[in-house]
file coords.cif (mmCIF, C-alpha atoms and all ligand atoms)
data_model
#
loop_
_atom_site.label_atom_id
_atom_site.label_comp_id
_atom_site.auth_asym_id
_atom_site.auth_seq_id
_atom_site.Cartn_x
_atom_site.Cartn_y
_atom_site.Cartn_z
CA MET A 15 138.31 36.93 -15.75
CA ASN A 16 136.26 39.54 -13.90
CA GLN A 17 136.77 38.66 -10.21
CA THR A 18 133.19 39.61 -9.34
CA GLU A 19 131.81 37.00 -11.74
CA LYS A 20 131.61 33.85 -9.70
CA PRO A 21 130.08 30.82 -11.41
CA LEU A 22 127.35 29.08 -9.48
CA TYR A 23 128.23 25.75 -11.07
CA GLN A 24 131.70 24.24 -11.52
CA ARG A 25 130.89 21.40 -13.91
CA ILE A 26 127.88 21.49 -16.20
CA LEU A 27 126.19 19.40 -18.83
CA LEU A 28 124.87 21.65 -21.57
CA LYS A 29 122.17 20.15 -23.79
CA LEU A 30 122.05 22.01 -27.08
CA SER A 31 118.92 21.63 -29.14
CA GLY A 32 119.68 20.55 -32.68
CA GLU A 33 116.64 22.49 -33.88
CA ALA A 34 117.89 25.69 -32.31
CA LEU A 35 121.01 25.43 -34.48
CA MET A 36 118.88 25.76 -37.62
CA GLY A 37 118.40 29.46 -36.92
CA ARG A 38 116.57 30.80 -39.95
CA GLU A 39 117.53 27.88 -42.17
CA PRO A 40 114.82 25.34 -43.02
CA TYR A 41 117.19 22.43 -42.26
CA GLY A 42 120.70 21.76 -40.95
CA ILE A 43 122.97 24.28 -39.29
CA ASP A 44 122.99 28.07 -39.49
CA SER A 45 126.71 28.87 -39.22
CA HIS A 46 125.95 32.26 -37.69
CA VAL A 47 123.96 30.65 -34.85
CA LEU A 48 126.69 28.04 -34.38
CA GLY A 49 129.34 30.78 -34.11
CA GLU A 50 127.26 32.61 -31.50
CA VAL A 51 126.78 29.41 -29.50
CA ALA A 52 130.55 28.86 -29.56
CA GLU A 53 131.07 32.40 -28.26
CA GLN A 54 128.58 31.79 -25.45
CA VAL A 55 130.38 28.59 -24.48
CA GLY A 56 133.66 30.54 -24.61
CA GLU A 57 132.27 33.03 -22.08
CA ILE A 58 131.68 30.38 -19.42
CA HIS A 59 134.83 28.44 -20.28
CA GLU A 60 136.72 31.66 -19.47
CA LEU A 61 135.14 31.61 -16.01
CA GLY A 62 136.74 28.21 -15.41
CA VAL A 63 133.52 26.22 -15.72
CA GLU A 64 134.00 22.61 -16.89
CA VAL A 65 131.67 22.14 -19.84
CA ALA A 66 130.34 18.90 -21.31
CA VAL A 67 127.86 19.11 -24.18
CA VAL A 68 125.19 16.80 -25.52
CA ILE A 69 123.89 17.92 -28.87
CA GLY A 70 120.57 16.97 -30.45
CA GLY A 71 119.90 16.01 -34.03
CA GLY A 72 116.41 17.36 -34.70
CA ASN A 73 117.74 19.84 -37.29
CA ILE A 74 118.82 16.90 -39.47
CA PHE A 75 116.90 13.74 -38.62
CA ARG A 76 114.59 12.34 -35.97
CA GLY A 77 113.85 8.64 -35.66
CA VAL A 78 110.13 9.12 -35.12
CA SER A 79 109.70 11.04 -38.35
CA GLY A 80 111.59 8.35 -40.29
CA ALA A 81 109.38 5.71 -38.68
CA SER A 82 106.24 7.66 -39.56
CA ARG A 83 107.32 7.45 -43.20
CA GLY A 84 107.53 3.67 -43.02
CA MET A 85 111.13 3.10 -41.91
CA ASP A 86 112.00 0.56 -39.29
CA ARG A 87 112.17 2.60 -36.05
CA SER A 88 115.54 1.26 -34.89
CA THR A 89 117.18 2.05 -38.23
CA ALA A 90 115.65 5.51 -38.20
CA ASP A 91 116.94 6.07 -34.66
CA TYR A 92 120.46 5.05 -35.64
CA MET A 93 120.23 7.63 -38.44
CA GLY A 94 119.15 10.19 -35.83
CA MET A 95 122.16 9.31 -33.69
CA LEU A 96 124.45 9.76 -36.69
CA ALA A 97 122.89 13.20 -37.21
CA THR A 98 124.03 14.17 -33.71
CA VAL A 99 127.58 13.19 -34.66
CA MET A 100 127.47 15.63 -37.57
CA ASN A 101 126.25 18.38 -35.25
CA GLY A 102 128.95 17.44 -32.74
CA LEU A 103 131.70 17.76 -35.30
CA ALA A 104 130.32 21.11 -36.48
CA LEU A 105 130.26 22.36 -32.90
CA GLN A 106 133.80 21.11 -32.34
CA GLN A 107 135.01 23.17 -35.31
CA ALA A 108 133.16 26.27 -34.14
CA LEU A 109 134.61 25.97 -30.62
CA GLU A 110 138.14 25.41 -31.87
CA LYS A 111 137.80 28.52 -34.07
CA VAL A 112 137.35 30.56 -30.90
CA GLY A 113 140.36 28.87 -29.29
CA ILE A 114 138.69 26.25 -27.08
CA ALA A 115 140.22 22.78 -26.87
CA THR A 116 137.60 20.07 -27.40
CA ARG A 117 137.12 16.35 -27.65
CA VAL A 118 134.19 14.56 -29.27
CA GLN A 119 133.24 11.24 -27.68
CA SER A 120 130.81 9.03 -29.55
CA ALA A 121 128.54 6.38 -28.04
CA ILE A 122 128.77 4.54 -31.37
CA ASP A 123 132.26 3.46 -32.25
CA MET A 124 133.73 5.52 -35.11
CA LYS A 125 137.35 5.85 -34.21
CA GLU A 126 138.33 7.78 -37.34
CA VAL A 127 136.21 10.76 -36.34
CA ALA A 128 135.70 10.63 -32.58
CA GLU A 129 136.92 9.02 -29.39
CA PRO A 130 134.73 6.32 -27.91
CA TYR A 131 132.68 7.34 -24.90
CA ILE A 132 134.75 6.50 -21.81
CA ARG A 133 133.40 8.13 -18.67
CA ARG A 134 136.66 8.44 -16.77
CA ARG A 135 138.43 9.80 -19.82
CA ALA A 136 135.68 12.36 -20.33
CA ILE A 137 136.13 13.53 -16.74
CA ARG A 138 139.89 13.81 -17.25
CA HIS A 139 139.35 15.99 -20.34
CA LEU A 140 137.04 18.23 -18.34
CA GLU A 141 139.61 18.56 -15.57
CA LYS A 142 142.15 19.64 -18.19
CA GLY A 143 139.81 22.38 -19.39
CA ARG A 144 138.66 20.71 -22.60
CA VAL A 145 135.06 20.94 -23.66
CA VAL A 146 133.75 17.41 -24.16
CA ILE A 147 131.03 16.87 -26.76
CA PHE A 148 129.04 13.67 -26.32
CA ALA A 149 127.76 12.51 -29.71
CA ALA A 150 125.54 9.65 -30.93
CA GLY A 151 123.20 9.90 -27.97
CA THR A 152 123.16 6.85 -25.72
CA GLY A 153 124.10 4.65 -28.68
CA LEU A 154 120.71 2.95 -28.30
CA PRO A 155 117.51 3.35 -30.31
CA PHE A 156 114.23 4.46 -28.67
CA PHE A 157 116.03 7.07 -26.59
CA THR A 158 116.60 10.79 -27.09
CA THR A 159 119.42 13.22 -26.59
CA ASP A 160 117.52 14.72 -23.63
CA THR A 161 117.77 11.33 -21.93
CA THR A 162 121.42 11.16 -22.97
CA ALA A 163 121.95 14.57 -21.38
CA ALA A 164 120.40 13.45 -18.08
CA LEU A 165 122.43 10.24 -18.13
CA ARG A 166 125.77 11.86 -18.93
CA ALA A 167 125.17 14.69 -16.45
CA ILE A 168 124.74 12.10 -13.71
CA GLU A 169 127.66 9.97 -14.88
CA ILE A 170 130.17 12.84 -14.92
CA GLY A 171 128.92 14.34 -11.66
CA ALA A 172 127.71 17.61 -13.19
CA SER A 173 126.05 20.04 -10.78
CA VAL A 174 123.35 20.96 -13.26
CA LEU A 175 121.84 19.99 -16.60
CA MET A 176 121.33 23.14 -18.65
CA LYS A 177 118.83 22.58 -21.43
CA ALA A 178 119.42 25.28 -24.02
CA THR A 179 116.53 25.46 -26.44
CA ARG A 180 114.37 27.70 -28.65
CA VAL A 181 111.90 28.75 -25.97
CA ASP A 182 112.36 30.68 -22.71
CA GLY A 183 111.59 27.81 -20.35
CA VAL A 184 108.83 25.39 -19.38
CA TYR A 185 105.21 26.41 -20.01
CA PRO A 186 101.83 24.77 -19.25
CA THR A 187 101.41 24.29 -23.03
CA ASP A 188 103.84 24.43 -25.94
CA PRO A 189 104.61 28.18 -26.28
CA GLU A 190 105.36 27.76 -29.97
CA LYS A 191 101.71 26.75 -30.43
CA ASP A 192 100.16 28.83 -27.63
CA PRO A 193 101.81 32.27 -27.35
CA SER A 194 99.53 33.17 -24.41
CA ALA A 195 101.10 30.49 -22.19
CA VAL A 196 102.86 31.85 -19.09
CA LYS A 197 106.26 30.41 -18.18
CA PHE A 198 106.93 28.57 -14.92
CA ASP A 199 109.92 30.00 -13.04
CA ARG A 200 110.25 26.77 -11.07
CA ILE A 201 108.52 23.41 -11.35
CA SER A 202 109.06 19.97 -9.86
CA PHE A 203 110.04 16.88 -11.83
CA SER A 204 106.81 15.20 -10.75
CA GLU A 205 104.66 18.06 -12.00
CA VAL A 206 106.35 18.01 -15.40
CA LEU A 207 105.57 14.28 -15.57
CA GLN A 208 102.01 14.56 -14.24
CA LYS A 209 101.15 17.41 -16.61
CA ASN A 210 102.87 15.60 -19.46
CA LEU A 211 104.76 18.77 -20.47
CA GLY A 212 106.48 18.28 -23.81
CA VAL A 213 109.65 20.23 -23.16
CA MET A 214 111.66 17.07 -22.40
CA ASP A 215 110.75 13.41 -22.65
CA ALA A 216 109.52 11.49 -19.62
CA THR A 217 112.53 9.16 -19.52
CA ALA A 218 114.90 12.12 -19.16
CA ILE A 219 112.78 13.74 -16.45
CA SER A 220 112.37 10.48 -14.51
CA LEU A 221 116.10 9.82 -14.56
CA ALA A 222 116.84 13.36 -13.41
CA ARG A 223 114.23 13.01 -10.66
CA ASP A 224 115.63 9.68 -9.45
CA GLN A 225 119.14 11.12 -9.19
CA ASN A 226 118.07 14.61 -8.14
CA MET A 227 119.78 16.26 -11.11
CA ARG A 228 118.59 19.88 -11.33
CA ILE A 229 117.60 21.00 -14.83
CA ILE A 230 117.48 24.58 -16.05
CA VAL A 231 115.57 25.15 -19.31
CA PHE A 232 116.38 28.43 -21.07
CA ASN A 233 116.57 30.14 -24.43
CA LEU A 234 119.82 29.52 -26.31
CA LEU A 235 119.06 32.11 -28.96
CA LYS A 236 119.37 35.12 -26.64
CA LYS A 237 122.98 36.27 -26.48
CA GLY A 238 124.73 35.77 -23.16
CA ASN A 239 122.06 33.49 -21.72
CA ILE A 240 124.41 30.57 -20.99
CA LYS A 241 126.59 32.85 -18.88
CA ARG A 242 123.55 34.38 -17.17
CA VAL A 243 122.42 30.93 -16.03
CA ILE A 244 125.93 30.12 -14.80
CA LEU A 245 126.05 33.34 -12.80
CA GLY A 246 122.68 32.57 -11.22
CA ASP A 247 120.46 35.08 -13.05
CA PRO A 248 116.87 33.92 -12.61
CA ILE A 249 116.07 33.27 -16.26
CA GLY A 250 114.41 30.20 -17.73
CA THR A 251 112.73 27.53 -15.64
CA VAL A 252 114.35 25.49 -12.89
CA VAL A 253 113.11 21.89 -12.76
CA GLU A 254 114.04 20.20 -9.52
CA GLY A 255 112.84 17.90 -6.77
CA PHE A 256 111.21 20.21 -4.28
CA ASP A 257 108.05 18.08 -4.03
CA HIS A 258 108.61 17.16 -0.39
CA VAL A 259 110.27 20.39 0.73
CA GLU A 260 107.42 22.83 0.21
N1 LIG A 301 105.20 22.72 -22.07
C1 LIG A 301 106.22 23.12 -22.84
N2 LIG A 301 107.08 24.08 -22.39
C2 LIG A 301 108.11 24.46 -23.15
N3 LIG A 301 108.40 23.96 -24.38
C3 LIG A 301 107.58 22.99 -24.87
C4 LIG A 301 106.45 22.54 -24.12
N4 LIG A 301 105.83 21.58 -24.87
C5 LIG A 301 106.51 21.44 -25.99
N5 LIG A 301 107.57 22.31 -26.03
C6 LIG A 301 108.52 22.39 -27.15
O1 LIG A 301 109.69 21.74 -26.76
C7 LIG A 301 110.76 22.30 -27.51
C8 LIG A 301 112.01 22.18 -26.69
O2 LIG A 301 112.69 21.15 -27.08
P1 LIG A 301 113.94 21.20 -28.10
O3 LIG A 301 113.70 21.96 -29.33
O4 LIG A 301 115.09 21.53 -27.27
O5 LIG A 301 113.73 19.72 -28.44
P2 LIG A 301 114.67 18.57 -28.65
O6 LIG A 301 113.75 17.49 -29.14
O7 LIG A 301 115.50 18.29 -27.48
O8 LIG A 301 115.48 19.24 -29.80
P3 LIG A 301 116.46 18.61 -30.80
O9 LIG A 301 115.97 17.25 -31.11
O10 LIG A 301 116.37 19.54 -31.94
O11 LIG A 301 117.74 18.65 -30.08
C9 LIG A 301 110.42 23.74 -27.73
O12 LIG A 301 110.84 24.17 -29.01
C10 LIG A 301 108.92 23.81 -27.51
O13 LIG A 301 108.24 24.19 -28.68
O1 LIG A 302 120.12 7.87 -27.32
C1 LIG A 302 119.59 8.24 -28.39
C2 LIG A 302 119.60 9.56 -28.82
C3 LIG A 302 119.04 9.90 -30.03
N1 LIG A 302 118.43 8.95 -30.78
C4 LIG A 302 117.90 9.30 -32.11
O2 LIG A 302 118.48 10.49 -32.61
C5 LIG A 302 117.46 11.45 -32.94
C6 LIG A 302 117.94 12.84 -32.67
O3 LIG A 302 117.96 13.08 -31.28
P1 LIG A 302 117.00 14.21 -30.61
O4 LIG A 302 117.02 13.94 -29.16
O5 LIG A 302 115.63 14.04 -31.21
O6 LIG A 302 117.63 15.48 -30.98
C7 LIG A 302 116.26 11.01 -32.11
O7 LIG A 302 115.07 11.46 -32.70
C8 LIG A 302 116.39 9.50 -32.17
O8 LIG A 302 115.93 9.06 -33.41
C9 LIG A 302 118.37 7.65 -30.33
O9 LIG A 302 117.80 6.77 -30.99
N2 LIG A 302 118.97 7.32 -29.16
#

call {"tool": "encode", "arguments": {"input": "coords.cif", "output": "structure tokens", "more": "lines below"}}
Ligand SMILES: Nc1ncnc2c1ncn2[C@@H]1O[C@H](COP(=O)(O)OP(=O)(O)OP(=O)(O)O)[C@@H](O)[C@H]1O
Ligand SMILES: O=c1ccn([C@@H]2O[C@H](COP(=O)(O)O)[C@@H](O)[C@H]2O)c(=O)[nH]1
result
Amino acid sequence: MNQTEKPLYQRILLKLSGEALMGREPYGIDSHVLGEVAEQVGEIHELGVEVAVVIGGGNIFRGVSGASRGMDRSTADYMGMLATVMNGLALQQALEKVGIATRVQSAIDMKEVAEPYIRRRAIRHLEKGRVVIFAAGTGLPFFTTDTTAALRAIEIGASVLMKATRVDGVYPTDPEKDPSAVKFDRISFSEVLQKNLGVMDATAISLARDQNMRIIVFNLLKKGNIKRVILGDPIGTVVEGFDHVE
């Protein structure tokens, strides 16, 4: 480890967008992107950062789209949660290929493929230097993996929730639809809620606000970005509770 590289955060919850893992593929996982993500995680693991990951499922299945095609919403959501397990297992393989010890913990019991989610056990794995991948979301329909990420970050006592996605941060409008939108460097939880910004769902933001869990939204697809956030480079958008401070 380079002695001058001092991580700003000791334990983090990294939310990986399922959609970002598609890379140039129309669906599923681009193995090249997955390999690069594993390398990025390796870079911060080397700095001694304890890393827990929540992975989305949007590259495979989302409950709302199933429901819009006439499926029962709860069933569709369970399918979405199972999609996150597939992504979790793929990420586990990619991390182990670069020599990182991992454990997958699932919020839905499936003991043949993953440990059950047990908070204290997850913390113990982190202390031992294993990357813990939380799969199957909260285990409950009508939620998202962003909400799972906020919840798990709080439960394990992470110092920050790092939302790694396909865009550079939080914008006044969706930058994928409005390329002229200018990114916020910093924004409060309340403003994200008031302006109804679509980068994360309101449940996730409210939970983070209630527990004062700082969120950093940044682009996963730019090499080295995870490490840059850890070292305190001012990239992305910081979402935090400064409403009453300024
Ligand atoms: N105001 C906004 N600022 C930034 N991004 C926004 C905004 N509104 C909508 N978005 C969209 O939100 C997306 C970020 O969410 P992301 O892809 O990580 O979603 P997710 O639902 O968590 O993903 P997945 O389900 O694939 O894990 C971006 O791709 C962006 O297009
Ligand atoms: O707690 C949860 C988490 C997720 N789901 C379902 O899974 C899909 C995929 O998750 P994303 O956050 O969209 O990546 C989601 O659309 C839900 O259908 C869930 O029900 N509960």

call {"tool": "closest_residue", "arguments": {"input": "coords.cif", "among": "A:Ser31, A:Thr179, A:Ser194, A:Ser79", "to": "Thr251 in chain A", "atoms": "all atoms listed in the file"}}
result
A:Thr179

call {"tool": "residues_around", "arguments": {"input": "coords.cif", "residues": "Lys237 in chain A", "least_positions_apart": "3", "cutoff": "8 Å", "atoms": "all atoms listed in the file", "output": "PyMOL selection string"}}
result
chain A and resi 50+54+234

call {"tool": "write_last_selection", "arguments": {"input": "coords.cif", "atoms": "C-alpha atoms", "output": "PDB file, in the frame of the given file"}}
result
ATOM      1  CA  GLU A  50     127.260  32.610 -31.500  1.00  0.00           C
ATOM      2  CA  GLN A  54     128.580  31.790 -25.450  1.00  0.00           C
ATOM      3  CA  LEU A 234     119.820  29.520 -26.310  1.00  0.00           C
TER       4      LEU A 234
END

call {"tool": "residues_near_point", "arguments": {"input": "coords.cif", "point": "(136.9, 16.6, -15.4)", "cutoff": "10 Å", "atoms": "all atoms listed in the file", "output": "PDB file with C-alpha atoms, in the frame of the given file"}}
result
ATOM      1  CA  ARG A  25     130.890  21.400 -13.910  1.00  0.00           C
ATOM      2  CA  GLU A  64     134.000  22.610 -16.890  1.00  0.00           C
ATOM      3  CA  VAL A  65     131.670  22.140 -19.840  1.00  0.00           C
ATOM      4  CA  ALA A  66     130.340  18.900 -21.310  1.00  0.00           C
ATOM      5  CA  ARG A 133     133.400   8.130 -18.670  1.00  0.00           C
ATOM      6  CA  ARG A 134     136.660   8.440 -16.770  1.00  0.00           C
ATOM      7  CA  ARG A 135     138.430   9.800 -19.820  1.00  0.00           C
ATOM      8  CA  ALA A 136     135.680  12.360 -20.330  1.00  0.00           C
ATOM      9  CA  ILE A 137     136.130  13.530 -16.740  1.00  0.00           C
ATOM     10  CA  ARG A 138     139.890  13.810 -17.250  1.00  0.00           C
ATOM     11  CA  HIS A 139     139.350  15.990 -20.340  1.00  0.00           C
ATOM     12  CA  LEU A 140     137.040  18.230 -18.340  1.00  0.00           C
ATOM     13  CA  GLU A 141     139.610  18.560 -15.570  1.00  0.00           C
ATOM     14  CA  LYS A 142     142.150  19.640 -18.190  1.00  0.00           C
ATOM     15  CA  GLY A 143     139.810  22.380 -19.390  1.00  0.00           C
ATOM     16  CA  ARG A 144     138.660  20.710 -22.600  1.00  0.00           C
ATOM     17  CA  VAL A 145     135.060  20.940 -23.660  1.00  0.00           C
ATOM     18  CA  VAL A 146     133.750  17.410 -24.160  1.00  0.00           C
ATOM     19  CA  ILE A 170     130.170  12.840 -14.920  1.00  0.00           C
ATOM     20  CA  GLY A 171     128.920  14.340 -11.660  1.00  0.00           C
ATOM     21  CA  ALA A 172     127.710  17.610 -13.190  1.00  0.00           C
TER      22      ALA A 172
END

call {"tool": "atom_distance", "arguments": {"input": "coords.cif", "atom1": "atom O12 of ligand LIG 301 (chain A)", "atom2": "CA of Leu35 in chain A"}}
result
11.6 Å

call {"tool": "residues_near_ligand", "arguments": {"input": "coords.cif", "ligand": "ligand LIG 301 (chain A)", "cutoff": "9 Å", "atoms": "all atoms listed in the file", "output": "ChimeraX atom specification"}}
result
/A:29-36,68-76,98,158-160,177-191,195,197-198,206,209-215,231

call {"tool": "atom_distance", "arguments": {"input": "coords.cif", "atom1": "CA of Ser204 in chain A", "atom2": "atom O5 of ligand LIG 302 (chain A)"}}
result
22.3 Å
